[in-house]
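Heads up, final_12.txt below (compact mmCIF, C-alpha atoms):
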# COMPACT_ATOMS: atom_id res chain seq x y z
CA MET Y 1 -50.95 197.54 33.72
CA SER Y 2 -52.26 201.08 33.32
CA ALA Y 3 -53.90 202.11 30.06
CA VAL Y 4 -50.84 203.67 28.43
CA PRO Y 5 -51.07 205.24 24.97
CA ILE Y 6 -50.45 202.94 22.02
CA VAL Y 7 -49.14 204.19 18.67
CA PHE Y 8 -49.21 202.04 15.54
CA ASP Y 9 -47.26 202.07 12.33
CA LEU Y 10 -49.54 201.88 9.27
CA ASP Y 11 -48.14 200.08 6.21
CA GLY Y 12 -47.40 196.46 7.01
CA THR Y 13 -48.84 196.84 10.51
CA LEU Y 14 -52.50 197.85 10.37
CA ILE Y 15 -52.90 197.65 6.60
CA HIS Y 16 -51.44 195.44 3.87
CA SER Y 17 -50.90 198.33 1.49
CA ALA Y 18 -48.28 196.84 -0.82
CA PRO Y 19 -50.83 195.90 -3.54
CA ASP Y 20 -51.82 199.56 -4.00
CA ILE Y 21 -48.22 200.73 -3.90
CA ARG Y 22 -47.32 198.16 -6.55
CA CYS Y 23 -50.28 199.26 -8.67
CA GLY Y 24 -49.27 202.92 -8.51
CA VAL Y 25 -45.62 202.21 -9.25
CA ASN Y 26 -46.40 199.87 -12.12
CA GLU Y 27 -48.81 202.35 -13.67
CA VAL Y 28 -45.89 204.75 -13.95
CA MET Y 29 -43.66 201.96 -15.27
CA ALA Y 30 -46.27 201.29 -17.98
CA MET Y 31 -46.38 204.98 -18.90
CA ARG Y 32 -42.60 204.98 -19.24
CA GLY Y 33 -42.41 201.66 -21.08
CA LEU Y 34 -40.42 200.05 -18.27
CA PRO Y 35 -40.73 196.56 -16.74
CA PHE Y 36 -43.22 196.06 -13.93
CA PHE Y 37 -42.17 195.31 -10.37
CA PRO Y 38 -43.37 192.06 -8.77
CA MET Y 39 -44.87 192.20 -5.28
CA ASP Y 40 -41.77 190.96 -3.47
CA GLU Y 41 -39.64 193.73 -4.97
CA VAL Y 42 -42.20 196.37 -4.03
CA ILE Y 43 -42.35 195.12 -0.44
CA ALA Y 44 -38.54 195.20 -0.30
CA MET Y 45 -38.62 198.89 -1.30
CA ILE Y 46 -41.19 199.93 1.34
CA GLY Y 47 -39.78 201.89 4.26
CA ASN Y 48 -38.53 205.43 5.02
CA GLY Y 49 -41.46 207.02 3.17
CA LEU Y 50 -42.63 207.56 -0.40
CA PRO Y 51 -39.64 209.68 -1.52
CA ALA Y 52 -37.29 206.84 -0.51
CA LEU Y 53 -39.43 204.27 -2.32
CA CYS Y 54 -39.43 206.39 -5.47
CA GLU Y 55 -35.66 206.73 -5.28
CA ARG Y 56 -35.34 202.95 -5.02
CA VAL Y 57 -37.59 202.62 -8.07
CA ARG Y 58 -35.43 205.11 -9.98
CA VAL Y 59 -32.23 203.27 -9.17
CA ALA Y 60 -33.74 199.85 -9.91
CA ARG Y 61 -34.80 200.96 -13.38
CA GLY Y 62 -31.61 202.86 -14.13
CA LEU Y 63 -33.27 206.26 -14.51
CA ALA Y 64 -31.13 209.38 -14.42
CA GLU Y 65 -30.78 211.47 -11.27
CA SER Y 66 -32.45 214.30 -13.19
CA GLU Y 67 -35.65 212.20 -13.28
CA LYS Y 68 -35.92 212.07 -9.49
CA GLU Y 69 -38.47 214.84 -8.92
CA ARG Y 70 -40.55 213.98 -11.98
CA LEU Y 71 -40.70 210.30 -11.02
CA PHE Y 72 -41.75 211.17 -7.48
CA ALA Y 73 -44.56 213.38 -8.79
CA GLU Y 74 -45.76 210.67 -11.20
CA ILE Y 75 -45.78 207.91 -8.59
CA SER Y 76 -47.43 210.16 -6.00
CA ILE Y 77 -50.31 210.92 -8.38
CA ALA Y 78 -50.68 207.32 -9.53
CA TYR Y 79 -50.61 205.95 -5.99
CA SER Y 80 -53.11 208.51 -4.67
CA ALA Y 81 -55.54 207.45 -7.40
CA VAL Y 82 -55.53 203.80 -6.28
CA ASN Y 83 -54.88 204.23 -2.54
CA GLY Y 84 -57.06 201.75 -0.63
CA ILE Y 85 -58.51 199.95 -3.65
CA GLU Y 86 -56.50 196.74 -3.32
CA SER Y 87 -55.21 197.22 0.23
CA GLU Y 88 -56.58 195.12 3.05
CA VAL Y 89 -56.80 195.60 6.79
CA TYR Y 90 -55.00 192.77 8.52
CA PRO Y 91 -57.42 190.30 10.14
CA GLY Y 92 -58.48 191.24 13.65
CA VAL Y 93 -57.27 194.85 13.52
CA ALA Y 94 -60.66 196.54 13.97
CA ASP Y 95 -61.66 194.31 16.89
CA ALA Y 96 -58.27 194.72 18.57
CA LEU Y 97 -58.49 198.52 18.32
CA ASN Y 98 -62.01 198.48 19.74
CA ARG Y 99 -60.93 196.31 22.66
CA LEU Y 100 -57.91 198.46 23.43
CA ALA Y 101 -59.93 201.68 23.24
CA ALA Y 102 -62.59 200.18 25.52
CA ARG Y 103 -59.86 199.51 28.09
CA GLY Y 104 -58.90 203.17 28.05
CA HIS Y 105 -55.87 203.15 25.78
CA ALA Y 106 -55.46 206.29 23.69
CA LEU Y 107 -54.57 205.22 20.15
CA GLY Y 108 -52.61 206.86 17.38
CA VAL Y 109 -50.69 206.29 14.15
CA CYS Y 110 -47.13 207.27 13.28
CA THR Y 111 -46.25 206.51 9.67
CA ASN Y 112 -43.75 207.57 7.04
CA LYS Y 113 -46.61 207.60 4.53
CA PRO Y 114 -47.68 211.18 3.71
CA ARG Y 115 -50.55 212.42 5.86
CA GLY Y 116 -53.08 212.68 2.99
CA PRO Y 117 -52.84 209.07 1.78
CA ALA Y 118 -52.57 207.83 5.38
CA LEU Y 119 -55.78 209.57 6.43
CA ASP Y 120 -57.52 208.49 3.22
CA VAL Y 121 -56.79 204.80 3.72
CA LEU Y 122 -57.61 204.88 7.43
CA THR Y 123 -60.92 206.56 6.63
CA ARG Y 124 -61.68 204.09 3.84
CA PHE Y 125 -61.36 201.21 6.28
CA ASP Y 126 -63.21 202.96 9.15
CA LEU Y 127 -60.12 203.14 11.33
CA ALA Y 128 -59.57 206.91 11.42
CA GLU Y 129 -62.11 207.56 14.16
CA GLN Y 130 -60.25 205.25 16.51
CA MET Y 131 -57.09 207.33 16.20
CA SER Y 132 -56.69 210.37 18.40
CA VAL Y 133 -53.61 211.43 16.45
CA ILE Y 134 -52.13 210.66 13.04
CA VAL Y 135 -48.54 211.76 12.38
CA GLY Y 136 -47.67 211.45 8.69
CA GLY Y 137 -44.33 211.36 6.97
CA ASP Y 138 -44.68 214.93 5.75
CA ASP Y 139 -45.81 216.46 9.06
CA LEU Y 140 -42.28 217.04 10.32
CA SER Y 141 -38.97 217.73 8.60
CA VAL Y 142 -37.73 214.27 9.62
CA LYS Y 143 -39.13 210.74 9.33
CA LYS Y 144 -38.78 207.51 11.28
CA PRO Y 145 -36.36 206.18 12.51
CA ASP Y 146 -35.77 209.71 13.80
CA PRO Y 147 -37.72 209.64 17.08
CA ALA Y 148 -39.34 213.06 16.59
CA PRO Y 149 -42.49 211.87 14.74
CA LEU Y 150 -43.16 209.16 17.31
CA ALA Y 151 -42.50 211.60 20.14
CA ALA Y 152 -45.00 214.01 18.59
CA ALA Y 153 -47.62 211.26 18.42
CA PHE Y 154 -47.15 210.31 22.07
CA ASP Y 155 -47.13 213.95 23.16
CA SER Y 156 -50.52 214.40 21.50
CA LEU Y 157 -51.81 211.36 23.39
CA GLY Y 158 -50.65 212.69 26.73
CA GLY Y 159 -47.52 210.66 27.41
CA ARG Y 160 -45.18 207.90 26.34
CA GLY Y 161 -46.44 204.37 25.85
CA ILE Y 162 -46.06 201.44 23.44
CA PHE Y 163 -45.18 201.50 19.76
CA VAL Y 164 -46.49 198.68 17.55
CA GLY Y 165 -44.88 198.15 14.14
CA ASP Y 166 -43.62 195.61 11.66
CA SER Y 167 -40.16 196.65 10.51
CA GLU Y 168 -36.55 197.39 11.36
CA ILE Y 169 -37.34 201.09 11.00
CA ASP Y 170 -40.10 200.84 13.59
CA ALA Y 171 -37.92 198.90 16.02
CA LEU Y 172 -35.13 201.47 15.68
CA THR Y 173 -37.57 204.35 16.11
CA ALA Y 174 -38.82 202.90 19.39
CA THR Y 175 -35.25 202.33 20.56
CA ASN Y 176 -34.29 205.89 19.63
CA LEU Y 177 -37.19 207.25 21.69
CA GLY Y 178 -36.72 204.78 24.54
CA VAL Y 179 -40.20 203.24 24.45
CA PRO Y 180 -41.23 199.55 24.32
CA PHE Y 181 -41.69 198.07 20.85
CA ILE Y 182 -44.11 195.27 19.96
CA LEU Y 183 -43.44 193.58 16.63
CA PHE Y 184 -46.19 192.45 14.26
CA THR Y 185 -44.44 189.58 12.52
CA GLU Y 186 -46.60 189.41 9.38
CA GLY Y 187 -45.60 192.76 7.88
CA TYR Y 188 -42.78 194.03 5.68
CA ARG Y 189 -39.62 193.55 7.72
CA LYS Y 190 -36.49 192.41 5.89
CA SER Y 191 -34.62 190.82 8.80
CA PRO Y 192 -35.50 187.83 10.99
CA ALA Y 193 -37.79 188.71 13.88
CA GLU Y 194 -35.09 187.55 16.28
CA ALA Y 195 -32.77 190.28 15.00
CA LEU Y 196 -35.09 193.13 16.00
CA LYS Y 197 -35.01 194.69 19.45
CA LYS Y 198 -38.49 194.30 20.91
CA ALA Y 199 -40.44 193.80 24.12
CA ALA Y 200 -42.78 191.25 22.53
CA ALA Y 201 -44.05 189.94 19.19
CA PHE Y 202 -47.35 188.71 17.80
CA SER Y 203 -48.58 187.28 14.51
CA ALA Y 204 -52.35 187.80 14.88
CA PHE Y 205 -54.15 190.94 16.06
CA ASP Y 206 -56.57 188.82 18.04
CA ASP Y 207 -53.67 188.27 20.44
CA LEU Y 208 -52.57 191.90 20.84
CA PRO Y 209 -55.01 193.10 23.55
CA ARG Y 210 -54.23 190.08 25.73
CA LEU Y 211 -50.50 190.54 25.13
CA ILE Y 212 -50.64 194.16 26.22
CA GLU Y 213 -52.82 193.32 29.22
CA THR Y 214 -50.64 190.49 30.50
CA GLN Y 215 -47.17 191.89 29.81
CA CYS Y 216 -45.46 194.68 31.69
CA PHE Y 217 -43.90 197.30 29.42
CA GLY Y 218 -41.99 199.65 31.63

Could you rewrite the structure in this file as structure tokens?
Amino acid sequence: MSAVPIVFDLDGTLIHSAPDIRCGVNEVMAMRGLPFFPMDEVIAMIGNGLPALCERVRVARGLAESEKERLFAEISIAYSAVNGIESEVYPGVADALNRLAARGHALGVCTNKPRGPALDVLTRFDLAEQMSVIVGGDDLSVKKPDPAPLAAAFDSLGGRGIFVGDSEIDALTATNLGVPFILFTEGYRKSPAEALKKAAAFSAFDDLPRLIETQCFG
């Protein structure tokens, strides 16, 4: 197969970022005297970007609609302060990216996370230099699963290719754009893997380069 561009989701795909998100959210809960969120609840709220997560937090804690903007500002500041501290790169990611780049694949990221935190965490883990493009959740007026952010990422890489992600949102984004989707099964999806439309799936990044090399994604 030719070395087509490959675009990755970020949270739950390249990086296990839920610990930092939980830390930022719970710092705000502590400031407000509200109960903390356990990890499983935080993971369930991830998806569609930070504004959506903050809205889910607001609803879960019964805060008034009038608190929406203030809560978003508080969580944004708290999360930015801890971004990357407790997060971890999934095992095998760095080696897989190196192997794919060596084979001529142009690499990029398309995430609903705002560009600033996305670039910060990629830089912290020495992954930013591998990415020829990073499309953040605040770069366009729409977010995934709208296909526009993913289309912008592929356009910057010179053409359509493969999208790698972990969630229902990622699968739908790929479908909406009409590109093959490869599912990382160890991320933050809420549905069974069998329920997601995909060209292939993998559970360990050590397997991704071989999977892409041996499968045909037309």

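The interatomic distance for the pair atom CA of Asp95 of chain Y and atom CA of Thr13 of chain Y works out to 14.5 Å.
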
Requested in this report: Could you check how far atom CA of Lys197 of chain Y sits from atom CA of Ser2 of chain Y, in Å to one decimal?
Outcome: 23.0 Å

Requested in this report: Fewer than 3 positions away in the same chain doesn't count, so skip those; otherwise give me all residues within 12 Å of segment 74-79 of chain Y, counting only C-alpha atoms, as a ChimeraX atom specification.
Outcome: /Y:17-32,49-55,57-58,67-71,82-87,113-114,116-118,120-121

Listed atoms of segment 31-39 of chain Y boxed along x, y and z, 8 Å each side, centre and edge lengths in Å, one decimal, as lines of an AutoDock Vina configuration file:
center_x = -43.4
center_y = 198.5
center_z = -13.2
size_x = 22.0
size_y = 28.9
size_z = 31.8

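From atom CA of Gly187 of chain Y back to atom CA of Asp206 of chain Y, the distance works out to 15.5 Å.
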
**Report entry** Proximity to Arg124 of chain Y - best of Y:Ala174, Y:Asn48, Y:Ile15, Y:Ala102, only C-alpha atoms
**Finding:** Y:Ile15

Query - Residue contacts of Val135 of chain Y (8 Å, all atoms listed in the file) excluding same-chain residues fewer than 4 positions away, as a ChimeraX atom specification - result: /Y:109-111,115,139,149-150,152-153

Query raised in the report: Which one of Y:Ala200, Y:Ala64, Y:Val89, Y:Leu107 sits closest to Arg160 of chain Y if you count only C-alpha atoms?
Result: Y:Leu107

**Report entry** Contacts of Leu211 of chain Y at 10 Å (all atoms listed in the file; same-chain gap of 5+ positions) as an MDAnalysis selection string
**Finding:** chainID Y and resid 182 200:202 205:206 216

Query raised in the report: Contacts of Ile169 of chain Y at 7 Å or less, counting all atoms listed in the file, minus same-chain residues fewer than 2 places along, as a list in words?
Result: Lys144, Pro145, Ser167, Ala171, Leu172 and Thr173 of chain Y

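Residues of protein, DNA or RNA having at least one counted atom within 9 Å of (-54.1, 212.3, 27.2), given all atoms listed in the file, are Pro5, Ala106, Phe154, Asp155, Ser156, Leu157, Gly158 and Gly159 of chain Y.
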